[in-house]
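Chemist: Pasting a structure below so you can have a look.
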Amino acid sequence: MARTIIYNIKTLYTPYHQPPVRKKNLCDIKTISNAYIVMEDSKFIAFGENDYQAYWNDSCILIDAKGKICLPGFIDAHTHLVHAGSREDEFALLRKGVPYLDILRSGGGILSTVEATRKAGIEELYLQAKRSLDKMMAYGVVAMEAKSGYGLRLEDELKQLHVANLLNNDHPVRILSTYMGAHAYPSEYKNNHQGYIDSLLLDLEKIKQSKLAQAVDVFCEEGVFGIEETKQILSKAKELGFQVKLHADEIQAMGGAKLGVLYGAVSVDHLMATSDEDIIELSQSNTIANILPGTSFFLGKPYANARKMIDEGVAIAVASDYNPGSCPTENFQLITQLAANFLYLQEEEILHAVTINPAFQLGLADQKGSIEVGKDADLLLLDIPNLSYLFYHFGINHVSEVWIAGKRVI
Ligand code: NIG
Ligand code: FE
């Protein structure tokens, strides 16, 4: 059995409360100075302060962290990883003040990525997604969720899910897939929304049989999938045994968060416009409020009211929403910095929001999301003096080593 000891870690920071972590516990993390970590095969077997001699043997690999700090690997529980093309032309329109949903209504936006993704073959999609995935890992992401939703017909949705599945097998980053056929109405159903929903309800059975997705997501928004339409899809998804989640209240408060709670959603995401009433509903559930500050930043929109959510007892996470239309960046550290600056989160709250709470949301909390004996040996070494510095010195990559399941991958 291969044993690796990393020593001379200036400070190790990790969550330790049982997820979903809420309220004051979000500010309470374990901090160990002059730390060491012992990994055997793919798992943590010990960690502590100063003296690792009890774990040392002749065949150990010893690694000097040279005073870097150590964090658990980041978990990004909302991405649209697999897609073709890019939308810089549309960004120019957004800057002229054309609303995001108007671009979609006129056949652009999500639909222009659908056109490109339908045309692309498996290899092209794989290579584009892998390029992004490599960058995300370099910024410290060790596990993520990846949605389909740029096919909007069965064969192309399956193609996206297949690519995510190939990457999950080939790449060190763990990828969990979500089917999002309800991302927009494809142009062929522009005037027949119920027709699209009916075909999607049938497709859900095929997606289930394919075993390529564990969850179903719906873009629940005025002018996209309304509350009644969303209910039809969630009901069928639950009946088939999928986890469910929602893009909710991104632009208008329409009760998306409350609907998610009603359906036992693992998360409701965006929440830039969520009402106070829905925040109370969320606080009484295990549904994670998955906040995506990169999207607010890129679209120039308001930020979710994370402080109110935390005060009321909502369990929050922060994710990238990486996609070509509303958050085209692989820099997950920038996302955490936006969470500091615009969601007014404290450093310990951010750490929880990008590790253990998203691990819980993805059903991975027994394996990932904190440095704990028995969990996957996923960790980051960062060349910075302390945790605060990560959110202060923004826009660059502070991660110098990434370890996933006991292997150094960066
Ligand atoms: O989460 N809001 C809907 N879906 C994505 C954007 C997708 C796109 O514009 O391509 C989001 O922001
Ligand atoms: Fe999204």
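Starting from 1 in every chain, residues are counted up; chains themselves are A, B, ... following the order of the structure tokens, and ligands are numbered from 1 as listed.
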Could you list, as a count of residues only, all residues that come within 8 Å of ligand 2? Count only C-alpha atoms and all ligand atoms.

Modeler: 9

Chemist: To check your reading of the model: which residues sit at most 10 Å from ligand 1 when counting only C-alpha atoms and all ligand atoms? Write the answer as a ChimeraX atom specification.

Modeler: /A:78-80,83,86-87,90,100-101,103-104,108-114,147,149-150,180,182-184,218-221,224,246-251,269-270,292,294-296,298-299,320-328

Chemist: Give the alpha helix (DSSP H) residues of segment 31-134 of chain A, as assigned by DSSP on the backbone, as JSON, numbers by chain.

Modeler: {"A": [88, 89, 90, 91, 92, 93, 94, 95, 100, 101, 102, 103, 104, 105, 110, 111, 112, 113, 114, 115, 116, 117, 118, 119, 122, 123, 124, 125, 126, 127, 128, 129, 130, 131, 132, 133, 134]}

Chemist: Would you save the residues from that selection as a compact mmCIF listing (two decimals), in the first residue's frame, using N, CA, C and O atoms?

Modeler:
# COMPACT_ATOMS: atom_id res chain seq x y z
N GLU A 88 -19.24 35.32 -27.82
CA GLU A 88 -18.71 36.67 -27.59
C GLU A 88 -19.49 37.73 -28.37
O GLU A 88 -19.59 38.88 -27.95
N ASP A 89 -20.11 37.34 -29.51
CA ASP A 89 -20.92 38.28 -30.30
C ASP A 89 -22.11 38.77 -29.46
O ASP A 89 -22.48 39.95 -29.47
N GLU A 90 -22.68 37.83 -28.70
CA GLU A 90 -23.84 38.16 -27.88
C GLU A 90 -23.46 39.04 -26.67
O GLU A 90 -24.27 39.85 -26.22
N PHE A 91 -22.25 38.88 -26.22
CA PHE A 91 -21.77 39.69 -25.09
C PHE A 91 -21.79 41.17 -25.47
O PHE A 91 -22.13 42.03 -24.67
N ALA A 92 -21.49 41.46 -26.74
CA ALA A 92 -21.54 42.84 -27.21
C ALA A 92 -22.98 43.37 -27.12
O ALA A 92 -23.21 44.52 -26.73
N LEU A 93 -23.96 42.52 -27.44
CA LEU A 93 -25.37 42.94 -27.34
C LEU A 93 -25.75 43.19 -25.87
O LEU A 93 -26.42 44.17 -25.55
N LEU A 94 -25.31 42.29 -25.00
CA LEU A 94 -25.61 42.45 -23.56
C LEU A 94 -25.09 43.80 -23.08
O LEU A 94 -25.75 44.50 -22.32
N ARG A 95 -23.91 44.17 -23.57
CA ARG A 95 -23.31 45.45 -23.13
C ARG A 95 -24.08 46.66 -23.67
O ARG A 95 -24.02 47.73 -23.11
N TYR A 100 -30.98 39.51 -21.58
CA TYR A 100 -30.59 38.10 -21.81
C TYR A 100 -31.75 37.29 -22.40
O TYR A 100 -31.57 36.55 -23.37
N LEU A 101 -32.95 37.46 -21.82
CA LEU A 101 -34.08 36.65 -22.29
C LEU A 101 -34.59 37.12 -23.66
O LEU A 101 -35.17 36.34 -24.41
N ASP A 102 -34.37 38.39 -24.01
CA ASP A 102 -34.75 38.87 -25.35
C ASP A 102 -33.87 38.20 -26.41
O ASP A 102 -34.35 37.86 -27.50
N ILE A 103 -32.61 38.03 -26.09
CA ILE A 103 -31.70 37.36 -27.03
C ILE A 103 -32.16 35.92 -27.25
O ILE A 103 -32.21 35.43 -28.38
N LEU A 104 -32.57 35.27 -26.17
CA LEU A 104 -33.09 33.89 -26.27
C LEU A 104 -34.37 33.87 -27.11
O LEU A 104 -34.52 33.04 -28.01
N ARG A 105 -35.27 34.83 -26.85
CA ARG A 105 -36.55 34.88 -27.56
C ARG A 105 -36.36 35.07 -29.06
O ARG A 105 -37.13 34.57 -29.86
N ILE A 110 -29.11 30.68 -25.50
CA ILE A 110 -29.00 29.22 -25.34
C ILE A 110 -29.18 28.53 -26.69
O ILE A 110 -28.47 27.58 -27.03
N LEU A 111 -30.13 29.05 -27.52
CA LEU A 111 -30.42 28.38 -28.79
C LEU A 111 -29.26 28.44 -29.78
O LEU A 111 -29.13 27.56 -30.63
N SER A 112 -28.42 29.47 -29.68
CA SER A 112 -27.28 29.46 -30.60
C SER A 112 -26.25 28.42 -30.16
O SER A 112 -25.62 27.78 -31.01
N THR A 113 -26.13 28.20 -28.86
CA THR A 113 -25.24 27.10 -28.40
C THR A 113 -25.86 25.74 -28.75
O THR A 113 -25.15 24.77 -29.04
N VAL A 114 -27.20 25.67 -28.74
CA VAL A 114 -27.87 24.42 -29.15
C VAL A 114 -27.51 24.10 -30.60
O VAL A 114 -27.16 22.96 -30.94
N GLU A 115 -27.57 25.12 -31.44
CA GLU A 115 -27.27 24.89 -32.86
C GLU A 115 -25.83 24.35 -33.02
O GLU A 115 -25.60 23.37 -33.73
N ALA A 116 -24.90 24.99 -32.33
CA ALA A 116 -23.49 24.57 -32.44
C ALA A 116 -23.29 23.17 -31.85
O ALA A 116 -22.55 22.36 -32.41
N THR A 117 -23.98 22.90 -30.75
CA THR A 117 -23.79 21.61 -30.07
C THR A 117 -24.41 20.47 -30.88
O THR A 117 -23.87 19.37 -30.95
N ARG A 118 -25.56 20.75 -31.51
CA ARG A 118 -26.17 19.72 -32.36
C ARG A 118 -25.24 19.35 -33.52
O ARG A 118 -25.14 18.19 -33.90
N LYS A 119 -24.55 20.35 -34.05
CA LYS A 119 -23.66 20.10 -35.20
C LYS A 119 -22.38 19.36 -34.79
O LYS A 119 -21.76 18.69 -35.60
N ILE A 122 -18.93 13.93 -31.16
CA ILE A 122 -18.47 13.55 -29.81
C ILE A 122 -17.05 14.07 -29.56
O ILE A 122 -16.75 14.63 -28.51
N GLU A 123 -16.18 13.89 -30.56
CA GLU A 123 -14.78 14.23 -30.33
C GLU A 123 -14.59 15.73 -30.10
O GLU A 123 -13.87 16.16 -29.19
N GLU A 124 -15.27 16.52 -30.92
CA GLU A 124 -15.16 17.99 -30.77
C GLU A 124 -15.67 18.42 -29.38
O GLU A 124 -15.03 19.22 -28.69
N LEU A 125 -16.81 17.88 -28.99
CA LEU A 125 -17.37 18.23 -27.67
C LEU A 125 -16.42 17.79 -26.55
O LEU A 125 -16.20 18.52 -25.57
N TYR A 126 -15.88 16.60 -26.72
CA TYR A 126 -14.97 16.05 -25.71
C TYR A 126 -13.75 16.95 -25.55
O TYR A 126 -13.38 17.32 -24.44
N LEU A 127 -13.16 17.33 -26.68
CA LEU A 127 -11.92 18.13 -26.60
C LEU A 127 -12.18 19.51 -26.00
O LEU A 127 -11.39 20.01 -25.19
N GLN A 128 -13.29 20.13 -26.41
CA GLN A 128 -13.60 21.46 -25.86
C GLN A 128 -13.86 21.38 -24.35
O GLN A 128 -13.36 22.19 -23.57
N ALA A 129 -14.63 20.37 -23.95
CA ALA A 129 -14.92 20.23 -22.52
C ALA A 129 -13.65 19.87 -21.74
O ALA A 129 -13.44 20.36 -20.63
N LYS A 130 -12.81 19.04 -22.32
CA LYS A 130 -11.59 18.63 -21.61
C LYS A 130 -10.66 19.82 -21.39
O LYS A 130 -10.06 19.95 -20.33
N ARG A 131 -10.58 20.68 -22.40
CA ARG A 131 -9.74 21.89 -22.24
C ARG A 131 -10.23 22.71 -21.04
O ARG A 131 -9.43 23.20 -20.24
N SER A 132 -11.54 22.87 -20.94
CA SER A 132 -12.09 23.63 -19.80
C SER A 132 -11.87 22.89 -18.49
O SER A 132 -11.52 23.50 -17.47
N LEU A 133 -12.09 21.60 -18.52
CA LEU A 133 -11.97 20.79 -17.31
C LEU A 133 -10.54 20.84 -16.77
O LEU A 133 -10.33 20.96 -15.55
N ASP A 134 -9.57 20.78 -17.66
CA ASP A 134 -8.16 20.88 -17.24
C ASP A 134 -7.92 22.20 -16.50
O ASP A 134 -7.24 22.25 -15.48

Chemist: Nearest to Lys308 of chain A: which of A:Leu343, A:Asp41, A:Ala377, A:Gly151 is it, counting only C-alpha atoms?

Modeler: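 Closest candidate: A:Leu343.
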
Chemist: Near Tyr36 of chain A, within 8 Å and counting only C-alpha atoms, which residues show up once chain neighbours fewer than 2 positions away are dropped, as number ranges by chain?

Modeler: A: 5-9, 34, 38, 47-52

Chemist: Output C-alpha atoms for every residue in the selection just made, as a compact mmCIF listing (two decimals), in the first residue's frame.

Modeler:
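What follows is the written file part_24.txt:
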# COMPACT_ATOMS: atom_id res chain seq x y z
CA ILE A 5 2.94 12.12 3.96
CA ILE A 6 2.75 15.82 3.24
CA TYR A 7 4.40 17.82 6.04
CA ASN A 8 5.40 21.40 6.75
CA ILE A 9 1.94 22.74 5.88
CA ASN A 34 2.25 23.32 11.16
CA VAL A 38 -1.13 11.11 5.70
CA PHE A 47 -3.74 14.44 9.77
CA GLY A 48 -2.59 16.58 12.65
CA GLU A 49 -0.07 19.01 14.06
CA ASN A 50 3.74 18.79 14.04
CA ASP A 51 4.84 15.23 14.48
CA TYR A 52 4.07 12.68 11.78

Chemist: Please extract the residues of segment 166-304 of chain A with a backbone DSSP assignment of strand (DSSP E or B) and present them as a ChimeraX atom specification.

Modeler: /A:174-182,215-220,225,243-248,267-270,288-291

Chemist: I want to know what sits within 10 Å of segment 54-56 of chain A, based on only C-alpha atoms, with residues of the same chain fewer than 5 positions away left out; could you give that as number ranges by chain?

Modeler: A: 3-5, 37-39, 45-47, 61-62

Chemist: Using Å and a single decimal, report how far atom CA of Gly260 of chain A sits from atom CA of Gly195 of chain A.

Modeler: 23.7 Å
